[in-house]
Amino acid sequence: MFKTYYNSRENWLIFLLVLAISTIAITPLFSIIISLLKTLFLSSFSGDNILFVYIKNSFSILFFVTILTIVFGIIPSFLISFFSFWGVNFFKYALILSLAIPPYIYGYSLSSFFENYGTAFSLLKNFFPTIDNDIIPNLSPKTMAIVSLSFSLFGYIYLLSMTTFNNQLSNYIEMSRSLGISKFNTVSKVIFPLSRPAIFIGISLVAMETLSDFGTVSFFGISTLTTGIYNSWFIFDDIETSNLLSLVLLVFILCLFYIENKFQKKKKFHDSVTKSNQIKPKTLKGFYNLLAFFICFIIFFISFVFPVLQMIYWSIKYSNYFNNLNLLALNLNTLFLITTTSTILLSFSFFSNFGNRLLKNNFLTILSNLSISGYAIPGILISIAVITIFSTISNFFNIELKSILIGSFIGLIFGYFFRFYSIAFNGIKSNYLKINSQIDESGYILGLSKVKIFFKIHFPILKENTFFIFILISLEIIKELPITLILRPFNFETFSTKAFEYASQDLIEAAALPSLFLVLWTTILILFSSKYFLKK
Amino acid sequence: MFFIISSILFFSIFQTCLSSEINLYTTRHYEADYEIYKKFRNKTGIKVNVVSGKSKPLEKRIIEEGKGCKGDLFFLADAGRLYSAEKKNLFQKIKSPLLNKKIPSHLRNDYWYGITKRARIVFYNPENVDFEKVKNLDYEDLGDKEWKNSIAIRQSNNVYNQSLVASLIHNLGEKKTSEWLENFVNNFYEAPSGNDRAQILAVAAGEAKLAIANTYYYALMLSGKKGKSQQEAAKRVKPLFPNKNNRGSHINISGIGILKYSPNKINAIKFLEFLVSEEAQTHLSTNSFEYPVVENINIPQILKLISKEFKEDKLTPVEIYGKLQTKSFNLMIEKKWN
Amino acid sequence: MKEFFKVDNATFSPNQKYFIKNVSFKIFNKGDIVSLLGPSGVGKTSILRTIAGLDKLIDGEIWLDNQLISSKGFNVQPEKRGVSLTFQNNCLFPHMNLKQNIMISKQDELNIIEVDQLIKKFYLKDIINNFPHEVSSGEAQRAALIRSIVNNPKLLLLDEPFSNLNKGLREELQVLLKKILKEKRITSIIVTHDYDEAFYFGDMCGVLINQKMIQFAEPYKIYHHPNSPEIANFFNKGEFIEAKITSNNQLFHEKLGVIKGTIDTKFKIGTIVKLLIQAEDLIHSDKSDLVFKIIDKRFVGTNFIYTLEISKSERIHVLVHSHHSHIHNIGKKFGIKSPISLEHVVCFEK
C-alpha cells in the first residue's frame, strides 16, 4: 500500500490527512461537474443564439489577446536577453511591473482616457485650446477590453521567455555557432524551437486568465462566457444556461490546462542538463540602440506608467474621495487576507507534499495532482461552487451552517483556497523534487523521526522559495475580484472590490484611489521579489 | 464559576438583542449615502453596518442565508429589482403611517418604499437638432424614421431600460410596444455600449442626435463634479422631458424594504423613517442629484433649472416595472436590442 | 613553410580571476593532431572555447590558415572561423533527433553517403532516428562527434570526447576516430586529462599545469624527458630521490649506491639533484645485497608493484612481472639489482 521504508500507524494518519486536504481542494471541480451532468441529463437545450454570441465574443477576445501578448512578451525579452542597449538593465525588471496592474483596473484607465471629453481631451485642451473632441479616436469596448487584457497579461509570456532565453539556451547557441550555423538560422532553428514549450506555457496561462476574466469584460459591457454565467446564475436564475456556459468554458480551459501540462513535460527534455553559461549580449549602437530602447520604453510606459499616472491624476483632482476611504481598514484587510490565506495554503501544501513524498501512494499522488485544477477554474465558477457546496451541506445535515460559512471569512478563504492551492502546491512540489530522496534515506538510517526530517532537513532547504510562493499567492489575492466580491462578509472591503464597485457606478474618479493603493501593494511585492521572478 | 459564565452569556445575549446596530445590504455607493448613515448614527446612536454589492448576488446571498440572515434592510436602485426581491419573499410587511403619509402611493407598496426618484429622459444637442422637432416628443415617437441612426442608449441588459420598456408595455400594450421596439432598435446610431453618461457625451460630441439617460447623470456633469471638460460637454446638451402632454415622463425609484428575518426591526423602521425626513431627503438630493420622493423638499439649483418642464408620470405605479420586467427583457432581446 | 595554426604568447581567462598566461604552440601541418593534457580545472576547456571564438582572448594572437582569428580586441565570429567544437556534455539539440542533429549544418554541401558511412562506423545506425533523451550518453557523445566532423572544419576541437564511455568502448572509438581524422586530414586539438588518450592521439602534446603550458613536444619526449618535476608528478611515474652527480654518467645515493645513466651535460659534477626513479627502472633480484623493506604491494594485472622503504623519508617502487615465481609479503625484505641502471635520466635542480 505504501511504498515506504517502514509501516507504522503514523502512515495511515498521514494518508488520511493528505487525502482530506486534496479532497477539499477538489470539491469545487466535482460540484461543478455534478451540476453540469444534472443539466446534461435532466434537461434539453433551447439552442440559443445567445450562447453563440457569448462564445464568439470570448474567443475573438482570446484570439487578439493571444497575438498581442506574444508580441509584447517575446520582442522585449528577446532584445533584453541577447543585446545590450541603453536602459536594458532597467527594463529587465521594469517590464515585470505590468503584472502589478489587474486588467480591469487597466480598463478603467483606458476607458476614461479615450472617452468623449475624457482625460485625453482634457490634456490636449491644455495645450491646444481650440481642439475639438473629434480628434480623440473612438475605441470600441471590445478593443479596449482586448488592449487592457493584453497589457496586463503579457508579463507571463515575458517572464517565461526570459527564463528560457537566459537560463537554458546559451549552451545550445554556442554549439550552433560553433557548427558554423549563421545567426539567423541559429535563431530560427535552435532558439525558437527550444523556447516553444516555455512560450506555449505562457500562452496557456494568458488564455486561461483571459477566458476567466470577469471584471474587465463586465465593465466594458461585453457578453462573454463569464458575464453570461454571471447573468444567468445571478440575475435570471437560469441555472441551466449557467451550467451550459460553464461547461463550454471549462472544456476550453481544461484543454488549455492539458496543453500546458504536455508542454511542461516537453520543456523538461529541452532544459539543459548542465548549468548554462550566461549569454554574452551583443552591444547595439546608434540607430539600433535607440530602436531597442524605444520599443521597451513604449511597452513599459503603456503597460505600467500610463495607468498609474492616470490614477494619480484622478486621485489628486478628486481628492475629496480620500475622506470616504477607510484606508487603514482596507490595508489591514488586505494584510489579513494575504497572511491568513498564505499560511493556510502553505501549511496544507507542505503537509500534502511531505505526505506524498513519504507514502509514494499512486492514488494519493493522482488526487493531489487533480487538486491543483482549481487555478484553471474561473473565479466566478468557484464562488458559485462554494455557495452551492455549503448550501448542500447545510441542507443535508440540517444544521444552520449557512451564516457561518457563506458571507464569512471561512467562505471567502475557502474560495481562495480552491483557486490558489495550485500555486502553493506546485511551488513546493518543484522545490521538493530538487531534494534528493537519498537525503531522506540517510536521515531515516540515522534514526531521525519524520517530523525531525521535515523540520531539520526539508524545511530549511525549502524556506527560501517559500517566500517567493507567498509573494505569488499574495499578488493573486490582492488582484482577485469575483470571489472576493461575491463571498466577502459584512463591512469587509478590499481595494479591488472598492475600485470595482465605484467603477460600475460610473465613479471611476473615485475608483482611482483604491486602484492606486492596490497597485502600490502589488508593485512593492513584485519589487521585493523581482530577482526570484527571473530565476524561475 | 457557573454564575460568572452564565452572567457573561446573559450579557452578551442581552447585548445582541439590544444592539444598537442595523445591517444594511445596498447596491448604492454614493458618498451621500455614507454621510446619511453617519447622520443617523449621530442622531440616534444606531450604527449602520453596510454590505454593498450588485443586486442579484446580494439577493442570492440573502436567500442562501435564509433564517440565519443578519440583514435588516435591502436598498436597491430600480423598482423592478425591488419587485424581484419582493417576489422572492425577502421582505416583510411593515406598518408605518409616517412612511405611507410621506411617500406617494405610486412610489411604494406594502413591502418596500421609494426613497429617491429619477427620470429617464431624452437629451439632444441644439446645434444638431431643431427644437421644433423635439419640443413635444413622446417616447412613442422615438421609433420614427426621422431618428434613424441617431439614438444613443445603453444595452438591453441595463435594468433602467427594461423598466422603461415595461412602462411602455403597461401603457401601450404588448403588441404596440413590440412594433415600437422594432423601429426603435433600428434607430440606434451604433451597437449599444457604455453607460448613461457615455450616451450623453455621444450627443455632445455630435455622434448621435438623441440620448436616453437618467436625469442625475446630466446634473452631475453640469455641476462640474466630473471635471471641466465634462461640464463644458454637458452644456452643449439640453434635456427633454417626453410625454409632457399626456401621462408624463418615465420615472423610477431607489427604494428600501425590511428583510424578512431582520433581527433589528425596530431600529430598521427608525432608519427608514429617518430617510424620509427633510434633512435626509435634502441631503440626498443635493449630493446625488436625484429627486426627493417627499413633496416640498428643496432641490439643488441645477436640478431646478433643468426640470422646468418636468411632468412626472404619476399614473404608472413603479411596481409594474417588476411585474413586466421579464416580458420586457424578452421582447427587447427578440427585437435584437444588443 | 608557414604553420597551419599558431597560438602566440596568448593569455586565456575563463573568468575575471583566473588566467593562463604565455601559452604558445604551433601546428605545422594540416591534418596534425595536438593533444592538450592537464588536470581537471586547469583551464583546458577555456582555451578551446577561446580558439572557437566563444570567449575573448585577453592577450596574444591566434592564427589559423594564415588568418588572424583572435587577438586582444579582435575576434572573428565563431560561425565564421571554420572551427568546430564538441562540448563535454555533447550538447545535442534536444528538439531534433540524432540524424537531424548531424545534418544540421551546411546541408547542401554534405555528402550523404559519407555521412551514412560514418553513422555506421560509430554504431549509431539503429538509433539514428531517436531523440537525445532516448539514447545513452555514450551514444549521444558519438552523434555529437559525427556532427562536428561532417562539415569538414578547418580545425576540430574536442573537449574530453570519450569521458562518458566505458573503457572497452573508449579504446575502440579512439582507434576509429583517429583513423577518420587522419583519413579526412582534419586538423584537431583534443583536450583530455587521460594521458594514454593524449599520447595516442597527439602528434604533439601540450601539458598544462598550474596555469601554464609547461611543455609542448612529442609524447615520447614528454613522457621520458619531462622538463619539470610537475609533469613527472602528473604522470605519477615514480618517486624523486636526492642524489649527487659524481660523473657525467653516474650518480650516487646514500642508500641506493651507484646509479648509472647518461646525464644531461648542463648539470655540473658534484651537484645534488632530484632524480626520478621509476618502477620499471629497477630490477628485482633475490640474490642482490641491496635489500629494503616492503611497505606496500599492489597487483595490477600484468605486474606487481612493490613499494620499498629506502629511508625514513624516501621510498621507491619496483615493477615485477606477475609471472615471477614467488610473491613477497609486506614487511619482508626485497632485493633489487645493483648497480641501478637508468634508460633515461630524469633529473632536476634541487
# chains A, B, ... in the order shown; residues from 1 in each chain; ligands from 1
$ residues_around --residues "C:Lys312" --least-positions-apart "4" --cutoff "12 Å" --atoms "only C-alpha atoms" --output "JSON, numbers by chain"
{"C": [255, 292, 293, 295, 308, 316]}
$ residues_around --residues "stretch 159-169 of chain C" --least-positions-apart "5" --cutoff "8 Å" --atoms "only C-alpha atoms" --output "JSON, numbers by chain"
{"C": [45, 48, 85, 86, 87, 88, 137, 138, 141, 145, 190, 191, 192, 193]}
$ closest_atom_pairs --of "stretch 27-111 of chain B" --to "stretch 287-296 of chain B" --cutoff "6 Å" --atoms "only C-alpha atoms" --output "CSV"
residue,atom,partner,partner_atom,distance
B:Ala32,CA,B:Asn287,CA,5.8
B:Lys102,CA,B:Val294,CA,5.7
B:Ile103,CA,B:Val294,CA,5.7
$ write_last_selection --atoms "N, CA and C atoms" --output "PDB file, in the first residue's frame"
ATOM      1  N   ALA B  32     -22.851  60.400  -0.488  1.00  0.00           N
ATOM      2  CA  ALA B  32     -24.008  60.972   0.200  1.00  0.00           C
ATOM      3  C   ALA B  32     -24.649  59.949   1.128  1.00  0.00           C
ATOM      4  N   LYS B 102     -45.846  60.157   3.898  1.00  0.00           N
ATOM      5  CA  LYS B 102     -44.852  60.968   3.207  1.00  0.00           C
ATOM      6  C   LYS B 102     -44.568  60.532   1.786  1.00  0.00           C
ATOM      7  N   ILE B 103     -44.689  59.234   1.543  1.00  0.00           N
ATOM      8  CA  ILE B 103     -44.292  58.743   0.219  1.00  0.00           C
ATOM      9  C   ILE B 103     -45.545  58.506  -0.636  1.00  0.00           C
TER      10      ILE B 103
END
$ residues_around --residues "stretch 51-53 of chain C" --least-positions-apart "2" --cutoff "10 Å" --atoms "only C-alpha atoms" --output "compact mmCIF listing (two decimals) with N, CA and C atoms, in the first residue's frame"
# COMPACT_ATOMS: atom_id res chain seq x y z
N GLU A 174 25.86 28.45 -28.34
CA GLU A 174 27.29 28.34 -28.63
C GLU A 174 27.58 27.16 -29.53
N ARG A 177 26.61 28.06 -33.11
CA ARG A 177 27.56 28.95 -33.77
C ARG A 177 28.86 28.22 -34.09
N SER A 178 29.23 27.34 -33.17
CA SER A 178 30.46 26.61 -33.38
C SER A 178 30.35 25.65 -34.55
N LEU A 179 29.13 25.26 -34.89
CA LEU A 179 28.95 24.41 -36.06
C LEU A 179 28.88 25.22 -37.34
N VAL C 7 49.30 29.52 -31.90
CA VAL C 7 48.90 30.31 -30.73
C VAL C 7 50.16 30.99 -30.25
N PHE C 12 44.81 33.35 -21.66
CA PHE C 12 43.40 32.95 -21.64
C PHE C 12 42.82 33.21 -20.25
N THR C 45 39.41 23.67 -21.14
CA THR C 45 38.17 23.98 -21.84
C THR C 45 38.14 25.44 -22.25
N SER C 46 38.64 26.30 -21.37
CA SER C 46 38.64 27.72 -21.68
C SER C 46 39.48 28.02 -22.91
N ILE C 47 40.62 27.32 -23.01
CA ILE C 47 41.48 27.52 -24.18
C ILE C 47 40.72 27.12 -25.44
N LEU C 48 40.05 25.99 -25.39
CA LEU C 48 39.29 25.55 -26.57
C LEU C 48 38.20 26.55 -26.93
N ARG C 49 37.50 27.03 -25.91
CA ARG C 49 36.41 27.98 -26.17
C ARG C 49 36.93 29.24 -26.81
N ASP C 55 34.89 32.67 -26.30
CA ASP C 55 35.40 33.55 -25.25
C ASP C 55 36.44 34.47 -25.88
N LYS C 56 36.69 35.58 -25.20
CA LYS C 56 37.63 36.54 -25.77
C LYS C 56 39.06 36.24 -25.32
N LEU C 57 40.00 36.50 -26.23
CA LEU C 57 41.41 36.33 -25.92
C LEU C 57 41.89 37.57 -25.18
N ILE C 62 46.04 34.47 -32.10
CA ILE C 62 45.76 33.12 -32.60
C ILE C 62 45.59 33.23 -34.11
N TRP C 63 46.35 32.40 -34.85
CA TRP C 63 46.28 32.41 -36.30
C TRP C 63 45.82 31.05 -36.81
N LEU C 64 44.96 31.07 -37.79
CA LEU C 64 44.51 29.83 -38.41
C LEU C 64 44.56 30.00 -39.92
N ILE C 69 42.65 35.12 -36.23
CA ILE C 69 41.25 34.95 -35.80
C ILE C 69 40.98 35.52 -34.41
N SER C 70 42.02 35.59 -33.57
CA SER C 70 41.79 36.20 -32.26
C SER C 70 43.01 37.00 -31.86
N ASN C 75 38.15 39.77 -32.68
CA ASN C 75 37.58 38.44 -32.54
C ASN C 75 36.72 38.12 -33.75
N VAL C 76 37.14 37.14 -34.53
CA VAL C 76 36.29 36.72 -35.65
C VAL C 76 35.12 35.92 -35.07
N GLN C 77 33.92 36.14 -35.63
CA GLN C 77 32.73 35.47 -35.13
C GLN C 77 32.89 33.95 -35.17
N PRO C 78 32.36 33.25 -34.16
CA PRO C 78 32.53 31.80 -34.12
C PRO C 78 32.05 31.11 -35.38
N GLU C 79 30.90 31.56 -35.90
CA GLU C 79 30.35 30.83 -37.04
C GLU C 79 31.16 31.07 -38.32
N LYS C 80 32.08 32.06 -38.28
CA LYS C 80 32.83 32.34 -39.50
C LYS C 80 34.25 31.79 -39.46
N ARG C 81 34.63 31.14 -38.36
CA ARG C 81 36.02 30.72 -38.23
C ARG C 81 36.33 29.42 -38.93
N GLY C 82 35.33 28.59 -39.11
CA GLY C 82 35.64 27.25 -39.62
C GLY C 82 36.20 26.38 -38.52
N VAL C 83 35.96 26.76 -37.29
CA VAL C 83 36.43 25.98 -36.15
C VAL C 83 35.23 25.31 -35.51
N SER C 84 35.33 23.98 -35.31
CA SER C 84 34.22 23.22 -34.75
C SER C 84 34.58 22.73 -33.37
N LEU C 85 33.64 22.85 -32.43
CA LEU C 85 33.94 22.46 -31.05
C LEU C 85 32.91 21.48 -30.53
N LEU C 155 39.51 23.39 -38.37
CA LEU C 155 40.12 22.97 -37.12
C LEU C 155 39.03 22.36 -36.24
N LEU C 156 39.31 21.18 -35.74
CA LEU C 156 38.33 20.50 -34.89
C LEU C 156 38.83 20.50 -33.45
N LEU C 157 37.99 20.95 -32.55
CA LEU C 157 38.36 20.98 -31.14
C LEU C 157 37.51 19.97 -30.39
$ residues_around --residues "stretch 133-136 of chain C" --least-positions-apart "2" --cutoff "12 Å" --atoms "only C-alpha atoms" --output "VMD selection string"
(chain A and resid 266 268 to 273) or (chain C and resid 90 to 98 124 126 to 131 138 to 143 164 to 166)
$ select_by_dssp --residues "stretch 134-301 of chain C" --states "strand (DSSP E)" --output "PyMOL selection string"
chain C and resi 155-159+187-192+204-209+212-217+238-247+250-253+257-260+272-278+291-299
$ write_last_selection --atoms "C-alpha atoms" --output "compact mmCIF listing (two decimals), in the first residue's frame"
# COMPACT_ATOMS: atom_id res chain seq x y z
CA LEU C 155 40.12 22.97 -37.12
CA LEU C 156 38.33 20.50 -34.89
CA LEU C 157 38.36 20.98 -31.14
CA LEU C 158 37.42 18.02 -28.97
CA ASP C 159 36.77 18.53 -25.28
CA THR C 187 43.48 19.26 -38.05
CA SER C 188 42.42 18.65 -34.45
CA ILE C 189 43.13 19.66 -30.92
CA ILE C 190 41.95 17.17 -28.33
CA VAL C 191 41.73 18.02 -24.66
CA THR C 192 41.91 15.30 -22.05
CA MET C 204 52.36 16.76 -30.44
CA CYS C 205 51.27 17.15 -26.86
CA GLY C 206 50.97 20.24 -24.66
CA VAL C 207 50.93 19.85 -20.91
CA LEU C 208 49.12 22.45 -18.83
CA ILE C 209 49.78 22.53 -15.15
CA LYS C 212 50.96 27.46 -17.62
CA MET C 213 51.80 25.37 -20.60
CA ILE C 214 54.89 23.71 -19.21
CA GLN C 215 55.93 21.64 -22.17
CA PHE C 216 54.93 21.21 -25.78
CA ALA C 217 56.60 18.29 -27.50
CA GLY C 238 57.79 7.34 -9.81
CA GLU C 239 59.48 8.89 -6.86
CA PHE C 240 62.07 11.59 -6.58
CA ILE C 241 65.20 10.99 -4.53
CA GLU C 242 68.15 13.25 -3.91
CA ALA C 243 71.36 12.06 -5.48
CA LYS C 244 74.76 13.58 -6.16
CA ILE C 245 76.21 13.68 -9.66
CA THR C 246 79.62 12.04 -9.48
CA SER C 247 80.44 11.96 -13.18
CA GLN C 250 76.94 8.34 -12.74
CA LEU C 251 75.15 9.46 -9.64
CA PHE C 252 75.41 8.38 -6.11
CA HIS C 253 72.75 7.88 -3.46
CA GLY C 257 74.56 3.27 -4.10
CA VAL C 258 75.80 3.89 -7.58
CA ILE C 259 73.21 4.79 -10.22
CA LYS C 260 74.28 4.65 -13.84
CA ILE C 272 72.87 17.43 -5.86
CA VAL C 273 69.79 16.83 -7.97
CA LYS C 274 66.26 15.46 -7.67
CA LEU C 275 66.39 12.21 -9.53
CA LEU C 276 63.34 10.35 -10.75
CA ILE C 277 63.32 6.65 -10.07
CA GLN C 278 60.62 4.83 -11.99
CA VAL C 291 67.64 -5.02 0.11
CA PHE C 292 64.90 -2.92 1.50
CA LYS C 293 61.72 -3.50 3.45
CA ILE C 294 58.44 -3.84 1.55
CA ILE C 295 55.87 -1.39 2.87
CA ASP C 296 53.12 -1.81 0.25
CA LYS C 297 52.18 -4.08 -2.58
CA ARG C 298 49.80 -3.60 -5.46
CA PHE C 299 48.56 -6.10 -8.04
$ interface_residues --of "chain B" --to "chain A" --cutoff "6 Å" --atoms "only C-alpha atoms" --output "PyMOL selection string"
chain B and resi 50-51+56-57+65+68+201+229-230
$ residues_around --residues "A:Ser150" --least-positions-apart "6" --cutoff "7 Å" --atoms "only C-alpha atoms" --output "list in words"
Val65, Leu68 and Thr69 of chain A
$ closest_residue --among "A:Pro307, A:Pro137, A:Pro482, A:Pro460" --to "A:Tyr416" --atoms "only C-alpha atoms"
A:Pro482
$ select_by_dssp --residues "stretch 90-145 of chain B" --states "alpha helix (DSSP H)" --output "list in words"
Pro97, Leu98, Leu99, Asn100, Lys101, Lys102, Phe131, Glu132, Lys133 and Val134 of chain B
$ residues_around --residues "B:Glu279" --least-positions-apart "4" --cutoff "12 Å" --atoms "only C-alpha atoms" --output "number ranges by chain"
B: 35-36, 39-40, 43, 273-275, 283-286, 292, 294, 297-299
$ write_last_selection --atoms "N, CA and C atoms" --output "PDB file, in the first residue's frame"
ATOM      1  N   GLU B  35     -22.749  59.503   4.305  1.00  0.00           N
ATOM      2  CA  GLU B  35     -22.951  60.628   5.216  1.00  0.00           C
ATOM      3  C   GLU B  35     -24.287  60.512   5.918  1.00  0.00           C
ATOM      4  N   ILE B  36     -25.291  60.050   5.216  1.00  0.00           N
ATOM      5  CA  ILE B  36     -26.601  59.848   5.826  1.00  0.00           C
ATOM      6  C   ILE B  36     -26.523  58.841   6.970  1.00  0.00           C
ATOM      7  N   LYS B  39     -25.088  60.559   9.828  1.00  0.00           N
ATOM      8  CA  LYS B  39     -26.065  61.482  10.449  1.00  0.00           C
ATOM      9  C   LYS B  39     -27.040  60.702  11.312  1.00  0.00           C
ATOM     10  N   PHE B  40     -27.467  59.560  10.779  1.00  0.00           N
ATOM     11  CA  PHE B  40     -28.430  58.741  11.508  1.00  0.00           C
ATOM     12  C   PHE B  40     -27.842  58.277  12.828  1.00  0.00           C
ATOM     13  N   LYS B  43     -27.658  61.034  15.276  1.00  0.00           N
ATOM     14  CA  LYS B  43     -28.957  61.393  15.815  1.00  0.00           C
ATOM     15  C   LYS B  43     -29.489  60.362  16.806  1.00  0.00           C
ATOM     16  N   GLU B 273     -37.676  55.726   8.463  1.00  0.00           N
ATOM     17  CA  GLU B 273     -38.385  56.973   8.710  1.00  0.00           C
ATOM     18  C   GLU B 273     -37.441  58.162   8.679  1.00  0.00           C
ATOM     19  N   PHE B 274     -36.209  57.930   9.100  1.00  0.00           N
ATOM     20  CA  PHE B 274     -35.221  58.997   9.015  1.00  0.00           C
ATOM     21  C   PHE B 274     -34.974  59.394   7.572  1.00  0.00           C
ATOM     22  N   LEU B 275     -34.989  58.378   6.707  1.00  0.00           N
ATOM     23  CA  LEU B 275     -34.665  58.650   5.317  1.00  0.00           C
ATOM     24  C   LEU B 275     -35.686  59.546   4.636  1.00  0.00           C
ATOM     25  N   HIS B 283     -30.471  66.267   1.802  1.00  0.00           N
ATOM     26  CA  HIS B 283     -29.093  65.847   1.667  1.00  0.00           C
ATOM     27  C   HIS B 283     -28.889  64.948   0.456  1.00  0.00           C
ATOM     28  N   LEU B 284     -29.775  63.981   0.322  1.00  0.00           N
ATOM     29  CA  LEU B 284     -29.632  63.042  -0.788  1.00  0.00           C
ATOM     30  C   LEU B 284     -29.759  63.771  -2.118  1.00  0.00           C
ATOM     31  N   SER B 285     -30.735  64.631  -2.211  1.00  0.00           N
ATOM     32  CA  SER B 285     -30.952  65.322  -3.478  1.00  0.00           C
ATOM     33  C   SER B 285     -29.777  66.223  -3.829  1.00  0.00           C
ATOM     34  N   THR B 286     -29.301  66.952  -2.829  1.00  0.00           N
ATOM     35  CA  THR B 286     -28.198  67.880  -3.079  1.00  0.00           C
ATOM     36  C   THR B 286     -26.943  67.166  -3.557  1.00  0.00           C
ATOM     37  N   PRO B 292     -36.241  64.121  -4.665  1.00  0.00           N
ATOM     38  CA  PRO B 292     -36.790  63.548  -3.431  1.00  0.00           C
ATOM     39  C   PRO B 292     -38.168  62.939  -3.719  1.00  0.00           C
ATOM     40  N   VAL B 294     -40.437  62.867  -1.242  1.00  0.00           N
ATOM     41  CA  VAL B 294     -41.353  63.636  -0.396  1.00  0.00           C
ATOM     42  C   VAL B 294     -41.631  64.985  -1.053  1.00  0.00           C
ATOM     43  N   ILE B 297     -39.667  69.415  -0.875  1.00  0.00           N
ATOM     44  CA  ILE B 297     -38.279  69.439  -0.412  1.00  0.00           C
ATOM     45  C   ILE B 297     -37.505  70.332  -1.364  1.00  0.00           C
ATOM     46  N   ASN B 298     -36.576  71.076  -0.802  1.00  0.00           N
ATOM     47  CA  ASN B 298     -35.757  71.958  -1.614  1.00  0.00           C
ATOM     48  C   ASN B 298     -34.747  71.188  -2.449  1.00  0.00           C
ATOM     49  N   ILE B 299     -34.860  71.343  -3.785  1.00  0.00           N
ATOM     50  CA  ILE B 299     -33.871  70.612  -4.599  1.00  0.00           C
ATOM     51  C   ILE B 299     -32.763  71.588  -5.028  1.00  0.00           C
TER      52      ILE B 299
END
$ residues_around --residues "A:Ser437" --least-positions-apart "3" --cutoff "12 Å" --atoms "only C-alpha atoms" --output "JSON, numbers by chain"
{"A": [4, 5, 354, 357, 358, 360, 432, 433, 434, 440, 441, 442, 443, 444, 453, 457, 458]}
$ write_last_selection --atoms "N, CA and C atoms" --output "short mmCIF file (atom, residue, chain, number, x, y, z; two decimals), in the first residue's frame"
data_model
loop_
_atom_site.label_atom_id
_atom_site.label_comp_id
_atom_site.auth_asym_id
_atom_site.auth_seq_id
_atom_site.Cartn_x
_atom_site.Cartn_y
_atom_site.Cartn_z
N THR A 4 6.88 2.67 1.36
CA THR A 4 7.81 3.41 2.21
C THR A 4 8.62 2.45 3.05
N TYR A 5 9.50 3.04 3.78
CA TYR A 5 10.54 2.22 4.39
C TYR A 5 10.03 1.38 5.52
N PHE A 354 4.78 16.61 1.66
CA PHE A 354 5.56 15.74 2.52
C PHE A 354 4.94 14.35 2.56
N ARG A 357 5.50 12.47 -0.66
CA ARG A 357 6.90 12.06 -0.76
C ARG A 357 7.16 10.84 0.12
N LEU A 358 6.52 10.87 1.29
CA LEU A 358 6.74 9.79 2.24
C LEU A 358 6.04 8.52 1.81
N LYS A 360 4.39 7.73 -1.16
CA LYS A 360 4.53 7.28 -2.55
C LYS A 360 3.35 6.41 -2.99
N TYR A 432 10.67 20.56 -3.84
CA TYR A 432 10.88 19.30 -3.14
C TYR A 432 11.59 18.29 -4.04
N LEU A 433 11.23 18.35 -5.34
CA LEU A 433 11.83 17.38 -6.26
C LEU A 433 13.34 17.56 -6.33
N LYS A 434 13.79 18.81 -6.04
CA LYS A 434 15.23 19.03 -6.12
C LYS A 434 15.98 18.41 -4.96
N ASP A 440 16.64 11.89 2.46
CA ASP A 440 15.67 11.38 3.43
C ASP A 440 16.14 10.05 3.99
N GLU A 441 16.62 9.21 3.07
CA GLU A 441 17.00 7.86 3.49
C GLU A 441 18.13 7.91 4.50
N SER A 442 19.13 8.79 4.23
CA SER A 442 20.21 8.89 5.21
C SER A 442 19.67 9.31 6.55
N GLY A 443 18.66 10.20 6.51
CA GLY A 443 18.08 10.65 7.76
C GLY A 443 17.43 9.52 8.53
N TYR A 444 16.65 8.71 7.79
CA TYR A 444 15.98 7.61 8.48
C TYR A 444 16.98 6.65 9.09
N ILE A 453 12.81 15.03 10.28
CA ILE A 453 13.29 15.13 8.90
C ILE A 453 12.67 16.33 8.22
N ILE A 457 15.59 19.00 7.95
CA ILE A 457 16.21 18.80 6.64
C ILE A 457 15.42 19.51 5.54
N HIS A 458 14.12 19.17 5.42
CA HIS A 458 13.36 19.70 4.30
C HIS A 458 13.13 21.19 4.41
#
$ decode --residues "stretch 341-365 of chain A" --atoms "C-alpha atoms" --output "compact mmCIF listing (two decimals), in the first residue's frame"
# COMPACT_ATOMS: atom_id res chain seq x y z
CA THR A 341 -4.64 32.52 3.26
CA SER A 342 -0.94 32.10 2.58
CA THR A 343 -0.36 30.49 5.94
CA ILE A 344 -3.18 28.03 5.43
CA LEU A 345 -2.21 27.29 1.85
CA LEU A 346 1.46 26.87 2.60
CA SER A 347 0.94 24.62 5.60
CA PHE A 348 -1.51 22.41 3.78
CA SER A 349 0.75 22.24 0.76
CA PHE A 350 3.80 21.41 2.82
CA PHE A 351 1.89 18.66 4.52
CA SER A 352 0.49 17.20 1.29
CA ASN A 353 3.83 17.26 -0.43
CA PHE A 354 5.56 15.74 2.52
CA GLY A 355 2.90 13.06 2.75
CA ASN A 356 3.15 12.24 -0.95
CA ARG A 357 6.90 12.06 -0.76
CA LEU A 358 6.74 9.79 2.24
CA LEU A 359 3.96 7.47 1.20
CA LYS A 360 4.53 7.28 -2.55
CA ASN A 361 0.97 6.10 -2.96
CA ASN A 362 -0.29 6.29 -6.55
CA PHE A 363 -3.86 7.12 -5.71
CA LEU A 364 -2.86 9.92 -3.43
CA THR A 365 -0.47 11.33 -5.99
